[in-house]
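Below is protein06.tsv, which holds TSV, C-alpha atoms and all ligand atoms.
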chain	number	residue	atom	x	y	z
A	1	MET	CA	-11.40	-33.64	-4.09
A	2	GLN	CA	-10.96	-30.92	-6.72
A	3	THR	CA	-8.09	-30.92	-9.16
A	4	VAL	CA	-7.06	-28.05	-11.42
A	5	VAL	CA	-4.39	-28.02	-14.09
A	6	THR	CA	-1.85	-25.21	-13.90
A	7	GLY	CA	0.54	-25.36	-16.86
A	8	ALA	CA	1.66	-28.95	-17.27
A	9	VAL	CA	1.26	-29.82	-13.57
A	10	SER	CA	-2.04	-30.73	-11.96
A	11	VAL	CA	-2.53	-29.39	-8.44
A	12	ASP	CA	-4.94	-30.77	-5.88
A	13	THR	CA	-6.82	-27.74	-4.51
A	14	ALA	CA	-8.45	-29.48	-1.54
A	15	ILE	CA	-7.64	-28.00	1.85
A	16	SER	CA	-8.65	-29.51	5.19
A	17	ALA	CA	-10.73	-27.46	7.64
A	18	ASP	CA	-7.85	-27.63	10.11
A	19	ASN	CA	-5.37	-26.24	7.57
A	20	TYR	CA	-7.83	-23.54	6.47
A	21	SER	CA	-8.05	-22.26	10.01
A	22	PHE	CA	-4.25	-22.60	10.41
A	23	LEU	CA	-3.79	-20.36	7.35
A	24	GLN	CA	-6.36	-17.83	8.62
A	25	THR	CA	-4.49	-17.51	11.93
A	26	TYR	CA	-1.08	-17.51	10.30
A	27	ILE	CA	-1.92	-14.81	7.74
A	28	HIS	CA	-3.63	-12.69	10.37
A	29	GLN	CA	-0.62	-12.94	12.69
A	30	GLU	CA	1.93	-12.10	10.01
A	31	SER	CA	0.08	-9.32	8.16
A	32	GLY	CA	-3.15	-8.36	9.95
A	33	ILE	CA	-5.10	-9.48	6.88
A	34	VAL	CA	-8.39	-11.20	7.71
A	35	ILE	CA	-9.34	-14.18	5.54
A	36	ASP	CA	-13.06	-14.86	5.93
A	37	PRO	CA	-14.37	-18.42	6.24
A	38	ASN	CA	-15.85	-18.37	2.72
A	39	LYS	CA	-12.65	-17.32	0.93
A	40	SER	CA	-11.21	-20.71	0.03
A	41	TYR	CA	-11.16	-19.66	-3.67
A	42	LEU	CA	-8.86	-16.77	-2.67
A	43	LEU	CA	-6.47	-19.02	-0.76
A	44	VAL	CA	-6.44	-21.54	-3.57
A	45	SER	CA	-5.86	-19.05	-6.38
A	46	ARG	CA	-3.14	-17.12	-4.51
A	47	LEU	CA	-1.31	-20.12	-3.02
A	48	GLN	CA	-1.47	-22.60	-5.87
A	49	PRO	CA	1.47	-21.03	-7.75
A	50	ILE	CA	3.58	-21.47	-4.58
A	51	VAL	CA	2.55	-25.11	-4.27
A	52	LYS	CA	3.61	-25.63	-7.86
A	53	GLU	CA	6.84	-23.62	-7.65
A	54	ASN	CA	7.99	-25.56	-4.60
A	55	SER	CA	7.01	-28.91	-6.13
A	56	LEU	CA	4.50	-29.60	-3.37
A	57	GLY	CA	1.50	-31.77	-4.21
A	58	THR	CA	-1.29	-29.94	-2.41
A	59	LEU	CA	-2.19	-26.94	-0.27
A	60	ASN	CA	-2.23	-29.31	2.70
A	61	ASP	CA	1.44	-30.10	1.96
A	62	LEU	CA	2.18	-26.38	1.89
A	63	CYS	CA	0.55	-26.02	5.33
A	64	ARG	CA	2.58	-28.95	6.64
A	65	LEU	CA	5.73	-27.22	5.43
A	66	LEU	CA	4.71	-23.86	6.94
A	67	ARG	CA	4.00	-25.49	10.30
A	68	ALA	CA	7.38	-27.26	10.31
A	69	THR	CA	9.79	-24.76	8.78
A	70	THR	CA	11.61	-21.81	10.23
A	71	ALA	CA	12.82	-20.81	6.75
A	72	THR	CA	11.60	-17.32	5.97
A	73	PRO	CA	11.49	-17.29	2.13
A	74	ILE	CA	8.49	-19.62	1.86
A	75	LYS	CA	6.72	-17.86	4.73
A	76	ARG	CA	7.25	-14.50	3.09
A	77	GLN	CA	6.11	-15.87	-0.25
A	78	VAL	CA	2.82	-17.00	1.33
A	79	ILE	CA	2.15	-13.66	3.06
A	80	GLU	CA	3.08	-11.63	-0.01
A	81	ALA	CA	0.78	-13.80	-2.15
A	82	LEU	CA	-2.12	-12.86	0.11
A	83	THR	CA	-1.62	-9.08	-0.18
A	84	THR	CA	-3.71	-7.26	-2.79
A	85	ASN	CA	-1.51	-4.73	-4.55
A	86	GLU	CA	-4.01	-3.05	-6.86
A	87	THR	CA	-3.11	0.64	-7.30
A	88	LEU	CA	-2.82	3.29	-10.01
A	89	PHE	CA	-1.47	6.78	-10.67
A	90	PHE	CA	-3.73	9.55	-9.33
A	91	ARG	CA	-6.19	7.00	-7.94
A	92	ASP	CA	-9.47	8.75	-7.01
A	93	MET	CA	-9.05	12.06	-8.84
A	94	PRO	CA	-11.14	14.12	-6.31
A	95	VAL	CA	-8.46	13.33	-3.70
A	96	PHE	CA	-5.69	14.74	-5.89
A	97	GLU	CA	-7.83	17.76	-6.88
A	98	ALA	CA	-8.43	18.56	-3.20
A	99	LEU	CA	-4.70	18.22	-2.52
A	100	GLN	CA	-3.78	20.43	-5.47
A	101	LYS	CA	-6.37	23.14	-4.92
A	102	GLU	CA	-6.65	23.36	-1.13
A	103	VAL	CA	-4.54	21.16	1.10
A	104	LEU	CA	-1.09	21.55	-0.48
A	105	PRO	CA	-1.35	25.35	-1.03
A	106	ALA	CA	-2.31	25.76	2.67
A	107	MET	CA	0.53	23.46	3.71
A	108	ILE	CA	3.04	25.38	1.58
A	109	LYS	CA	1.92	28.66	3.13
A	110	ALA	CA	2.32	27.23	6.63
A	111	LYS	CA	5.77	25.86	5.84
A	112	GLN	CA	7.32	29.01	4.33
A	113	GLU	CA	9.91	29.16	7.07
A	114	SER	CA	11.14	25.56	7.27
A	115	LYS	CA	10.54	24.85	3.56
A	116	ARG	CA	10.27	21.18	4.48
A	117	ILE	CA	7.37	18.83	3.70
A	118	ARG	CA	7.15	15.15	4.71
A	119	ILE	CA	4.43	12.87	3.35
A	120	TRP	CA	3.80	9.20	4.16
A	121	SER	CA	2.26	6.84	1.65
A	122	ALA	CA	1.47	3.90	3.95
A	123	ALA	CA	0.68	0.72	1.97
A	124	ALA	CA	2.47	2.20	-1.04
A	125	SER	CA	2.28	-0.98	-3.13
A	126	SER	CA	4.12	-0.48	-6.46
A	127	GLY	CA	4.63	3.24	-5.82
A	128	GLN	CA	2.10	4.98	-8.08
A	129	GLU	CA	0.57	6.90	-5.15
A	130	ALA	CA	3.94	8.21	-3.90
A	131	TYR	CA	5.06	9.26	-7.40
A	132	SER	CA	1.68	10.94	-8.07
A	133	LEU	CA	2.18	13.02	-4.92
A	134	ALA	CA	5.73	13.88	-5.97
A	135	MET	CA	4.53	15.12	-9.37
A	136	LEU	CA	1.82	17.20	-7.72
A	137	LEU	CA	4.37	18.85	-5.39
A	138	LEU	CA	6.89	19.51	-8.15
A	139	GLU	CA	4.16	21.17	-10.21
A	140	MET	CA	3.80	23.69	-7.39
A	141	GLY	CA	7.23	25.14	-8.09
A	142	LEU	CA	8.91	24.35	-4.78
A	143	SER	CA	12.52	24.59	-5.89
A	144	GLY	CA	14.90	24.76	-2.96
A	145	TRP	CA	12.40	23.00	-0.67
A	146	ASN	CA	13.17	19.80	1.22
A	147	LEU	CA	10.46	17.44	-0.07
A	148	GLN	CA	10.28	13.89	1.28
A	149	ILE	CA	7.73	11.26	0.36
A	150	LEU	CA	8.14	7.96	2.17
A	151	GLY	CA	6.36	4.91	0.76
A	152	THR	CA	6.11	1.83	2.98
A	153	ASP	CA	4.57	-1.58	2.47
A	154	LEU	CA	4.69	-5.04	4.00
A	155	ASN	CA	5.41	-6.68	0.66
A	156	ARG	CA	9.13	-6.51	-0.27
A	157	GLN	CA	8.60	-7.76	-3.79
A	158	ILE	CA	6.13	-5.03	-4.68
A	159	LEU	CA	8.46	-2.44	-3.11
A	160	ASP	CA	11.25	-3.56	-5.46
A	161	LYS	CA	8.99	-2.53	-8.32
A	162	ALA	CA	8.18	0.76	-6.56
A	163	THR	CA	11.89	1.50	-6.05
A	164	ALA	CA	12.73	0.64	-9.67
A	165	GLY	CA	10.09	3.16	-10.77
A	166	LYS	CA	9.55	1.35	-14.05
A	167	TYR	CA	6.02	0.93	-15.36
A	168	LEU	CA	4.27	-0.79	-18.24
A	169	GLN	CA	2.46	1.26	-20.88
A	170	ILE	CA	-0.84	-0.08	-19.54
A	171	GLU	CA	0.07	1.15	-16.03
A	172	VAL	CA	0.87	4.69	-17.13
A	173	ASN	CA	-2.29	4.71	-19.27
A	174	ARG	CA	-4.31	4.26	-16.08
A	175	GLY	CA	-4.73	7.74	-14.60
A	176	MET	CA	-1.55	9.53	-15.66
A	177	PRO	CA	-2.09	12.88	-17.42
A	178	ALA	CA	-0.04	12.89	-20.68
A	179	LYS	CA	1.76	16.13	-19.74
A	180	TYR	CA	3.17	14.46	-16.61
A	181	LEU	CA	4.27	11.37	-18.52
A	182	VAL	CA	6.48	13.38	-20.88
A	183	LYS	CA	7.82	15.58	-18.11
A	184	TYR	CA	8.60	13.00	-15.40
A	185	PHE	CA	9.24	9.71	-17.29
A	186	THR	CA	11.58	8.48	-19.99
A	187	ARG	CA	11.08	5.59	-22.38
A	188	ALA	CA	12.80	2.34	-21.38
A	189	GLY	CA	12.11	-0.03	-24.27
A	190	LEU	CA	8.38	-0.67	-24.12
A	191	ASP	CA	8.18	0.61	-20.53
A	192	TRP	CA	8.36	4.00	-18.83
A	193	GLN	CA	11.00	4.89	-16.23
A	194	ILE	CA	10.67	7.71	-13.67
A	195	ASN	CA	13.28	10.40	-14.30
A	196	ASP	CA	15.69	12.18	-11.96
A	197	ARG	CA	13.17	14.84	-11.00
A	198	LEU	CA	11.09	12.31	-9.07
A	199	ARG	CA	13.80	10.02	-7.72
A	200	PRO	CA	15.34	12.27	-5.02
A	201	ILE	CA	11.95	13.04	-3.48
A	202	VAL	CA	10.56	9.52	-3.08
A	203	SER	CA	11.98	6.64	-1.04
A	204	PHE	CA	10.58	3.26	-0.06
A	205	GLN	CA	10.99	1.09	3.01
A	206	GLN	CA	9.57	-2.29	4.02
A	207	PHE	CA	7.39	-1.74	7.06
A	208	ASP	CA	4.47	-3.48	8.76
A	209	MET	CA	2.04	-0.69	9.59
A	210	ARG	CA	0.94	-2.54	12.73
A	211	SER	CA	4.37	-1.76	14.22
A	212	PRO	CA	4.92	1.29	16.43
A	213	LEU	CA	5.11	4.24	14.03
A	214	ARG	CA	7.28	6.61	16.06
A	215	ALA	CA	10.48	5.50	14.30
A	216	LEU	CA	9.16	6.91	11.01
A	217	GLY	CA	9.11	10.47	12.37
A	218	LYS	CA	6.33	13.02	11.87
A	219	PHE	CA	4.41	13.79	8.69
A	220	ASP	CA	2.51	16.77	7.25
A	221	LEU	CA	0.22	14.43	5.31
A	222	VAL	CA	-0.55	10.72	5.66
A	223	LEU	CA	-2.18	8.57	2.97
A	224	CYS	CA	-3.38	5.23	4.28
A	225	ARG	CA	-5.65	4.20	1.44
A	226	ASN	CA	-7.27	0.89	0.59
A	227	VAL	CA	-5.53	-1.16	3.24
A	228	LEU	CA	-7.60	-0.81	6.44
A	229	ILE	CA	-10.39	-2.71	4.64
A	230	TYR	CA	-8.30	-5.88	5.00
A	231	PHE	CA	-7.97	-5.60	8.79
A	232	ASP	CA	-10.26	-6.33	11.75
A	233	LEU	CA	-11.69	-3.59	13.96
A	234	GLU	CA	-9.08	-3.94	16.69
A	235	THR	CA	-6.22	-3.61	14.18
A	236	LYS	CA	-7.86	-0.59	12.50
A	237	LYS	CA	-8.25	1.08	15.91
A	238	LYS	CA	-4.63	0.48	16.82
A	239	ILE	CA	-3.31	1.79	13.50
A	240	LEU	CA	-5.53	4.89	13.45
A	241	LYS	CA	-4.43	5.76	16.99
A	242	GLU	CA	-0.76	5.30	16.08
A	243	ILE	CA	-1.19	7.46	12.96
A	244	ARG	CA	-2.47	10.34	15.10
A	245	GLY	CA	0.85	10.18	16.93
A	246	VAL	CA	2.90	10.79	13.75
A	247	MET	CA	0.76	13.61	12.33
A	248	GLU	CA	2.22	17.11	12.62
A	249	PRO	CA	-0.23	19.71	13.99
A	250	GLY	CA	-2.70	20.55	11.20
A	251	ALA	CA	-1.76	17.46	9.16
A	252	HIS	CA	-4.42	15.54	7.22
A	253	LEU	CA	-5.01	11.82	6.97
A	254	ILE	CA	-6.45	10.43	3.74
A	255	LEU	CA	-8.20	7.06	3.68
A	256	GLY	CA	-9.60	5.05	0.75
A	257	THR	CA	-13.09	5.92	-0.51
A	258	ALA	CA	-14.57	2.85	1.21
A	259	GLU	CA	-12.79	3.59	4.51
A	260	THR	CA	-13.61	5.87	7.44
A	261	THR	CA	-12.52	6.71	10.98
A	262	LEU	CA	-16.18	6.96	12.02
A	263	ASN	CA	-17.04	4.62	14.91
A	264	ILE	CA	-13.43	3.44	14.93
A	265	ASP	CA	-11.46	6.43	16.24
A	266	ASP	CA	-13.61	9.40	17.13
A	267	ALA	CA	-10.61	11.62	17.92
A	268	TYR	CA	-10.52	12.40	14.18
A	269	GLN	CA	-12.66	15.10	12.58
A	270	ARG	CA	-13.77	15.01	8.95
A	271	ALA	CA	-12.63	17.86	6.73
A	272	VAL	CA	-14.68	18.03	3.53
A	273	PHE	CA	-13.05	19.22	0.30
A	274	GLY	CA	-15.37	19.27	-2.73
A	275	GLY	CA	-16.18	15.67	-3.55
A	276	THR	CA	-13.96	14.06	-0.93
A	277	SER	CA	-13.13	14.19	2.76
A	278	PHE	CA	-9.90	13.91	4.70
A	279	TYR	CA	-9.33	13.63	8.46
A	280	THR	CA	-7.60	15.85	11.01
A	281	HIS	CA	-7.32	15.73	14.78
A	282	THR	CA	-6.69	18.29	17.46
A	301	LIG	C1	-4.65	-2.22	-2.38
A	301	LIG	S1	-3.00	-1.79	-1.99
A	301	LIG	C2	-3.19	-0.06	-1.71
A	301	LIG	C3	-2.24	0.77	-2.54
A	301	LIG	C4	-2.43	2.28	-2.48
A	301	LIG	N1	-2.42	2.76	-1.12
A	301	LIG	C5	-3.71	2.67	-3.18
A	301	LIG	O1	-4.67	3.02	-2.53
A	301	LIG	O2	-3.72	2.64	-4.41
A	301	LIG	C6	-2.84	-2.45	-0.34
A	301	LIG	C7	-1.39	-2.61	0.09
A	301	LIG	O3	-1.35	-2.82	1.51
A	301	LIG	C8	-0.22	-3.60	1.79
A	301	LIG	N2	-0.35	-4.18	3.16
A	301	LIG	C9	-1.16	-5.18	3.58
A	301	LIG	N3	-0.96	-5.42	4.88
A	301	LIG	C10	0.00	-4.55	5.31
A	301	LIG	C11	0.64	-4.31	6.56
A	301	LIG	N4	0.34	-5.02	7.67
A	301	LIG	N5	1.58	-3.34	6.62
A	301	LIG	C12	1.92	-2.62	5.52
A	301	LIG	N6	1.34	-2.80	4.31
A	301	LIG	C13	0.39	-3.76	4.20
A	301	LIG	C14	-0.24	-4.64	0.68
A	301	LIG	O4	1.02	-5.26	0.51
A	301	LIG	C15	-0.68	-3.81	-0.52
A	301	LIG	O5	0.41	-3.38	-1.31

Structure rendered as structure tokens:
Amino acid sequence: MQTVVTGAVSVDTAISADNYSFLQTYIHQESGIVIDPNKSYLLVSRLQPIVKENSLGTLNDLCRLLRATTATPIKRQVIEALTTNETLFFRDMPVFEALQKEVLPAMIKAKQESKRIRIWSAAASSGQEAYSLAMLLLEMGLSGWNLQILGTDLNRQILDKATAGKYLQIEVNRGMPAKYLVKYFTRAGLDWQINDRLRPIVSFQQFDMRSPLRALGKFDLVLCRNVLIYFDLETKKKILKEIRGVMEPGAHLILGTAETTLNIDDAYQRAVFGGTSFYTHT
């Protein structure tokens, strides 16, 4: 039996094989996230704070509670603890350069009549991706256009942060060009708050991307970055197929740098832009 000390309370980190496999199934069912057999350190480090907060002795006690309860707060806490929310402003610069130089200018040209652009940031986490897109669009001088960026995520808690639009100095230091910081943010004590230029363009909604996507409407651009890596092949296939159904003709899909549609959904074609590639379908 292993014991670790967290704050003043010591927590038994042992977990039975039966409970490990219960958690694997449970997390997969509720989020699509696959927990490999050798990831007990991940379960322990993410779930220990919940064990402590709920005055439970061990992870096995937490599993007992999860099996018995119908109460949603603890269930949600467990699922949210297992999501990885790492993100930053302008993550993967070649992606934003390709958008700025090629994809958005072509989209703007094609949309001269409707003057309406809809973008989906699936797995938006704390919102940096959605706000980066909003800044990029606003820099293109689209006054009078109807610009909508929808950010969705499974994790409600992280979406509260996205909606608040308030970031630590260290978060804006990661990837944000200084000229954008002064133009689109205001100081809020030690933090930075998005200003009213960004707010009307970006909205957030809790959404499990394994659900049917039709209700979200159609999009001119979809970013689904750094989330498919957590899913199994069947789930990736289902999501990629659904995404095709919400892409407007000519729309692009952008995945994370470690993700591809290749050998998963061959209805997509790669479109190469400088140092990066996006996906389209006919
Ligand atoms: C690593 S972040 C990616 C953030 C951003 N797209 C980026 O690339 O910087 C992954 C996000 O996927 C979300 N996520 C995990 N499973 C999900 C699901 N089934 N539906 C919607 N979002 C999910 C997590 O909550 C997390 O915020």

Using only C-alpha atoms and all ligand atoms, I'd like a table of the residues in chain A that come within 9 Å of ligand LIG 301 (chain A); for each, show the closest atom pair and its distance in Å rounded to one decimal, ordered by chain and ascending number, as a tab-separated table.
residue	atom	partner	partner_atom	distance
A:Glu30	CA	A:LIG301	N4	7.6
A:Ser31	CA	A:LIG301	N4	4.3
A:Gly32	CA	A:LIG301	N4	5.3
A:Ile33	CA	A:LIG301	N3	6.1
A:Ile79	CA	A:LIG301	O4	8.9
A:Glu80	CA	A:LIG301	O4	6.7
A:Ala81	CA	A:LIG301	O4	8.9
A:Leu82	CA	A:LIG301	O4	8.2
A:Thr83	CA	A:LIG301	O4	4.7
A:Thr84	CA	A:LIG301	C15	5.1
A:Asn85	CA	A:LIG301	O5	4.0
A:Glu86	CA	A:LIG301	C1	4.6
A:Thr87	CA	A:LIG301	O2	3.6
A:Leu88	CA	A:LIG301	O2	5.7
A:Phe89	CA	A:LIG301	O2	7.8
A:Phe90	CA	A:LIG301	O2	8.5
A:Arg91	CA	A:LIG301	O2	6.1
A:Asp92	CA	A:LIG301	O1	8.7
A:Ser121	CA	A:LIG301	N1	6.8
A:Ala122	CA	A:LIG301	N1	6.5
A:Ala123	CA	A:LIG301	O3	4.1
A:Ala124	CA	A:LIG301	N1	4.9
A:Ser125	CA	A:LIG301	O5	3.5
A:Ser126	CA	A:LIG301	O5	7.0
A:Gly127	CA	A:LIG301	C4	7.9
A:Gln128	CA	A:LIG301	O2	7.3
A:Glu129	CA	A:LIG301	O2	6.1
A:Ala130	CA	A:LIG301	C4	8.8
A:Thr152	CA	A:LIG301	C12	6.6
A:Asp153	CA	A:LIG301	N6	3.9
A:Leu154	CA	A:LIG301	C12	4.0
A:Asn155	CA	A:LIG301	O4	4.6
A:Arg156	CA	A:LIG301	O4	8.2
A:Ile158	CA	A:LIG301	O5	6.8
A:Leu159	CA	A:LIG301	O5	8.3
A:Gln206	CA	A:LIG301	C12	7.8
A:Phe207	CA	A:LIG301	C12	5.8
A:Asp208	CA	A:LIG301	N5	3.6
A:Met209	CA	A:LIG301	N5	4.0
A:Arg210	CA	A:LIG301	N4	5.7
A:Ser211	CA	A:LIG301	N5	8.2
A:Leu223	CA	A:LIG301	N1	7.1
A:Cys224	CA	A:LIG301	N1	6.0
A:Arg225	CA	A:LIG301	O1	4.3
A:Asn226	CA	A:LIG301	O1	4.6
A:Val227	CA	A:LIG301	C6	4.7
A:Leu228	CA	A:LIG301	O3	8.2
A:Tyr230	CA	A:LIG301	C9	7.3
A:Phe231	CA	A:LIG301	N3	8.0
A:Leu255	CA	A:LIG301	O1	8.2
A:Gly256	CA	A:LIG301	O1	6.3

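Atom pair atom CA of A:Gly217 / atom CA of A:Gln269 has a distance of 22.3 Å (rounded to one decimal).
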
Select, counting all atoms listed in the file, all protein, DNA and RNA residues no farther than 12 Å from (-15.1, 5.5, 20.2) in file coordinates, and express the selection as a compact mmCIF listing (two decimals) with C-alpha atoms, in the frame of the given file.
# COMPACT_ATOMS: atom_id res chain seq x y z
CA LEU A 233 -11.69 -3.59 13.96
CA GLU A 234 -9.08 -3.94 16.69
CA LYS A 237 -8.25 1.08 15.91
CA LEU A 240 -5.53 4.89 13.45
CA LYS A 241 -4.43 5.76 16.99
CA THR A 261 -12.52 6.71 10.98
CA LEU A 262 -16.18 6.96 12.02
CA ASN A 263 -17.04 4.62 14.91
CA ILE A 264 -13.43 3.44 14.93
CA ASP A 265 -11.46 6.43 16.24
CA ASP A 266 -13.61 9.40 17.13
CA ALA A 267 -10.61 11.62 17.92
CA TYR A 268 -10.52 12.40 14.18

Write out as lines of an AutoDock Vina configuration file an axis-aligned box for stretch 104-113 of chain A: all of its atoms listed in the file, 4 Å added on each side, centre and edge lengths in Å with one decimal.
center_x = 3.8
center_y = 25.4
center_z = 3.0
size_x = 20.2
size_y = 15.6
size_z = 16.1

Inset, instruction - Report the distance between atom CA of A:Asp232 and atom CA of A:His28 in Å, rounded to one decimal place. - result: 9.3 Å

Legend entry - Å distance separating atom CA of A:Asp160 from atom CA of A:Lys238, one decimal place: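 Atom CA of A:Lys238 lies at a distance of 27.7 Å from atom CA of A:Asp160.
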
Legend entry - Selected residue of minimal separation from A:Thr260 among A:His281, A:Ile229, A:Gly189, A:Leu62, counting all atoms listed in the file: A:Ile229

Inset, instruction - Mind checking which residues fall within 12 Å of A:Ala106, counting all atoms listed in the file, ignoring those fewer than 5 positions away in the same chain, and posting them as a PyMOL selection string? - result: chain A and resi 98-101+111-112+117+140+220-221+250-252

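Residue nearest A:Arg197, chosen from A:Glu171, A:Glu248, A:Glu113, A:Glu139 and counting only C-alpha atoms: A:Glu139.
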
Inset, instruction - For stretch 17-24 of chain A, please output as a PyMOL selection string all residues within 8 Å (counting all atoms listed in the file; exclusion window: fewer than 4 positions along the same chain). - result: chain A and resi 28+34-36+40+60+63

Legend entry - Residues within 10 Å of (4.6, 15.3, -7.6), file coords, all atoms listed in the file, listed as a PyMOL selection string: chain A and resi 129-140+147+149+180+184+197-198+201-202

Inset, instruction - Would you mind telling me which residue in A:Arg67, A:Glu102, A:Gly57, A:Ile254 lies nearest to A:Thr25 when using only C-alpha atoms? - result: A:Arg67
